[in-house]
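Here is the structure we will look at.
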Amino acid sequence: MTGYEPLTSIEAITAGLGTAGYISTAQISTAVYLAHGLRKPILIEGPAGVGKTDLAASLGRWLDLPIIRLQCYEGLDEGKALYEWKYGKQLLYTQILKEKLNELIGEADNLSKSLGKLADFEDLFFSPQFLEARPLLHAMQQDSGSILLIDEIDKSDEAFEAFLLEVLSDYQVSVPEIGTIRAKVPPIVILTSNNVRELGDALKRRCLHLHIGFPDHVREQRIVRARVDGISDTLLNQLVRFVQSVREADIKKRPSIAETVDWARTLLLLHSGSLDEQFVRDTLNVLLKHESDIAAISPQIPKMVREAIGTDPGGRTASGYPDIG
């Protein structure tokens with residue numbers, strides 16, 4: 001019995017992720033279905049903030065499985081990702097052994113027997129009770145399965161990428177002092193990349209590829225609706241239209257879905273029922289994180305607001321301001 005039983009179809013996955021607040025697409029749900037059926041990791045690429053990491057978190061919430069995250073960075077090595085020995089505990093046991101040494105080998109009548117008794121304790125020091133499982137090993141030790149998120153794999157070194165490929169090929173690890181440790185239930189593995197560097201072909205071949213881009217207008221509305229309670233249809237439609245127009249501008253960092261959600265919550269907190277030019281100027285720093293982007297968008301705000309809220313046949317905006325082009 002594993003925790004993957006609800007993954008019965010693409011439609012079931014879409015519906016299940018929806019209960020966790022994640023608005024999936026047929027492409028995303030298909031990748032999850034195949035990852036489970038083929039026992040392959042999913043390599044998700046796309047801009048920052050489009051829901052790559054949130055997919056793993058939502059899967060874990062829906063399936064009620066542990067979400068085990070390995071955050072990648074330059075210099076990440078096997079010890080931090082797979083396992084380490086509990087050196088402090090080993091040192092403590094060494095001290096205990098030292099204090100009990102005479103008692104332990106006192107009955108041995110020759111050197112060979114004494115060394116034999118000590119060898120038995122040497123094996124004990126490198127046993128599972130002294131093994132500190134890091135994310136990769138921890139994910140494989142779960143009785144009912146798990147969601148293993150390997151976040152920002154493109155920030156790690158090529159050497160770690162090669163090591164990871166070996167581990168994910170058979171879902172097992174070799175510990176020289178203990179032997180091979182196999183996954184009780186292979187985890188569902190999700191790797192994310194923001195394209196900081198080009199990943200190796202070997203890793204890409206091992207994974208199912210999934211690209212998640214910025215959502216279209218309808219899907220972004222559904223996402224905000226799922227995350228923000230009490231937002232009106234009017235305000236929801238207007239703010240999503242505004243955000244999508246901002247993404248089309250020539251700026252350094254386009255606003256992510258998370259920033260759209262934050263902006264929606266901000267507008268609700270300010271009791272805004274409709275987009276207003278002054279509200280937009282006062283809260284644009286919630287949506288844009290670089291001062292150069294705010295400066296680039298500021299002159300376009302009047303036009304963007306008019307387009308977001310629409311104009312009536314008389315050439316006046318819904319707020320009553322004349323449409324001056």
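Chain labels A, B, ... are given in the sequence in which chains occur in the structure tokens; within each chain residues are numbered consecutively from 1, and ligands are likewise numbered from 1 in the order shown.
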
Quick one: residues within 10 Å of stretch 58-70 of chain A, only C-alpha atoms, excluding same-chain residues fewer than 3 positions away - as a VMD selection string? chain A and resid 2 to 7 13 15 to 23 32 51 53 to 55 73 76 80 to 82 134 to 136 138 to 139 142 144 to 153 187 to 191

For A:Arg254, please output as a list in words all residues within 12 Å (counting only C-alpha atoms; exclusion window: fewer than 2 positions along the same chain).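 In the requested form, the answer reads Pro47, Ala48, Gly49, Val50, Gly213, Phe214, Val243, Gln244, Ser245, Val246, Arg247, Glu248, Ala249, Asp250, Ile251, Lys252, Ser256, Ile257, Ala258, Glu259, Thr260, Leu287, Leu288, Lys289, His290, Asp293, Ile294 and Ile297 of chain A.
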
Quick check, in Å to one decimal: how far apart do atom CA of A:Ile28 and atom CA of A:His211 lie?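 Separating atom CA of A:Ile28 from atom CA of A:His211 is a distance of 8.7 Å.
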
Would you mind writing down, as a count of residues only, each residue of stretch 204-259 of chain A that DSSP on the backbone assigns to helix (DSSP H, G or I)? 32

For stretch 262-275 of chain A, find every residue with an atom within 10 Å (counting only C-alpha atoms), except residues of its own chain fewer than 6 positions away, and show them as a PyMOL selection string. chain A and resi 224-225+227-240+242-243+256+283-288+305-306+308-309+318-319

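The space separating atom CA of A:Ala183 from atom CA of A:Ile10 comes to 25.5 Å.
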
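Every residue of stretch 146-192 of chain A with a DSSP assignment of strand (DSSP E or B), taken from the backbone, is listed as Ile147, Leu148, Leu149, Ile150, Asp151, Gln172, Val173, Ser174, Val175, Gly179, Thr180, Ile181, Arg182, Ile188, Val189, Ile190, Leu191 and Thr192 of chain A.
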
When you look at A:Glu158 with a cut-off of 12 Å (counting only C-alpha atoms), what residues show up, excluding the ones that are within fewer than 2 positions of it in the same chain? I need them as a tab-separated table (two decimals) with N, CA, C and O atoms, in the first residue's frame.
```tsv
chain	number	residue	atom	x	y	z
A	72	CYS	N	19.23	23.08	-4.15
A	72	CYS	CA	20.55	22.98	-4.78
A	72	CYS	C	21.28	24.31	-4.74
A	72	CYS	O	20.67	25.38	-4.75
A	73	TYR	N	22.59	24.23	-4.70
A	73	TYR	CA	23.44	25.41	-4.72
A	73	TYR	C	24.84	24.98	-5.17
A	73	TYR	O	25.17	23.79	-5.19
A	74	GLU	N	25.64	25.95	-5.55
A	74	GLU	CA	27.00	25.64	-6.02
A	74	GLU	C	27.81	25.07	-4.86
A	74	GLU	O	27.85	25.62	-3.77
A	75	GLY	N	28.43	23.93	-5.10
A	75	GLY	CA	29.22	23.28	-4.06
A	75	GLY	C	28.48	22.20	-3.30
A	75	GLY	O	29.06	21.53	-2.43
A	76	LEU	N	27.20	22.00	-3.61
A	76	LEU	CA	26.43	20.93	-2.97
A	76	LEU	C	27.08	19.58	-3.28
A	76	LEU	O	27.41	19.29	-4.43
A	77	ASP	N	27.27	18.77	-2.23
A	77	ASP	CA	27.95	17.50	-2.45
A	77	ASP	C	27.11	16.34	-1.95
A	77	ASP	O	26.01	16.51	-1.41
A	153	ILE	N	17.99	22.69	-9.71
A	153	ILE	CA	19.09	21.78	-10.03
A	153	ILE	C	20.15	22.48	-10.87
A	153	ILE	O	21.33	22.12	-10.81
A	154	ASP	N	19.76	23.50	-11.61
A	154	ASP	CA	20.71	24.21	-12.46
A	154	ASP	C	21.72	25.03	-11.68
A	154	ASP	O	22.71	25.51	-12.24
A	155	LYS	N	21.49	25.19	-10.37
A	155	LYS	CA	22.47	25.92	-9.54
A	155	LYS	C	23.57	25.01	-9.00
A	155	LYS	O	24.55	25.48	-8.42
A	156	SER	N	23.40	23.70	-9.13
A	156	SER	CA	24.40	22.76	-8.64
A	156	SER	C	25.51	22.58	-9.68
A	156	SER	O	25.40	23.04	-10.83
A	160	PHE	N	27.70	17.04	-9.33
A	160	PHE	CA	26.55	16.62	-8.54
A	160	PHE	C	25.43	16.14	-9.45
A	160	PHE	O	24.71	15.19	-9.12
A	161	GLU	N	25.28	16.76	-10.58
A	161	GLU	CA	24.26	16.32	-11.54
A	161	GLU	C	24.51	14.88	-11.97
A	161	GLU	O	23.57	14.08	-12.07
A	162	ALA	N	25.78	14.53	-12.20
A	162	ALA	CA	26.12	13.16	-12.58
A	162	ALA	C	25.83	12.18	-11.44
A	162	ALA	O	25.31	11.09	-11.66
A	163	PHE	N	26.14	12.58	-10.23
A	163	PHE	CA	25.86	11.74	-9.06
A	163	PHE	C	24.36	11.52	-8.91
A	163	PHE	O	23.89	10.41	-8.65
A	164	LEU	N	23.60	12.58	-9.10
A	164	LEU	CA	22.15	12.50	-8.96
A	164	LEU	C	21.56	11.55	-9.99
A	164	LEU	O	20.64	10.79	-9.70
A	165	LEU	N	22.11	11.57	-11.18
A	165	LEU	CA	21.63	10.69	-12.24
A	165	LEU	C	21.75	9.23	-11.84
A	165	LEU	O	20.84	8.42	-12.07
A	197	ARG	N	22.05	27.50	-15.90
A	197	ARG	CA	23.03	26.87	-16.80
A	197	ARG	C	22.33	25.75	-17.56
A	197	ARG	O	21.27	25.26	-17.18
A	198	GLU	N	22.93	25.32	-18.64
A	198	GLU	CA	22.39	24.24	-19.44
A	198	GLU	C	22.65	22.91	-18.74
A	198	GLU	O	23.77	22.62	-18.33
A	199	LEU	N	21.60	22.13	-18.59
A	199	LEU	CA	21.75	20.82	-17.94
A	199	LEU	C	22.26	19.79	-18.94
A	199	LEU	O	22.06	19.93	-20.15
A	200	GLY	N	22.88	18.75	-18.44
A	200	GLY	CA	23.46	17.72	-19.29
A	200	GLY	C	22.40	16.89	-20.00
A	200	GLY	O	21.29	16.69	-19.48
A	201	ASP	N	22.75	16.39	-21.16
A	201	ASP	CA	21.80	15.57	-21.93
A	201	ASP	C	21.43	14.29	-21.19
A	201	ASP	O	20.31	13.81	-21.32
A	202	ALA	N	22.38	13.72	-20.44
A	202	ALA	CA	22.11	12.46	-19.73
A	202	ALA	C	20.98	12.64	-18.72
A	202	ALA	O	20.10	11.78	-18.61
A	203	LEU	N	21.00	13.74	-18.00
A	203	LEU	CA	19.94	13.99	-17.02
A	203	LEU	C	18.61	14.24	-17.72
A	203	LEU	O	17.56	13.75	-17.29
```

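Each of A:Thr192, A:Ser298, A:Thr30, A:Gln172 was checked against A:Gln141 using only C-alpha atoms; the smallest atom-to-atom distance is that of A:Gln172.
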
Using only C-alpha atoms, the residue out of A:Thr8, A:Ser174, A:Gly79, A:Arg206 with shortest distance to A:Leu43 is A:Arg206

Give me, please, the distance in Å between atom CA of A:Ala57 and atom CA of A:Pro186, quoted to one decimal. 17.4 Å

Across A:Leu131, A:Lys184, A:Glu307, A:Ile178, the smallest distance to A:Met1, with only C-alpha atoms counted, is shown by A:Lys184
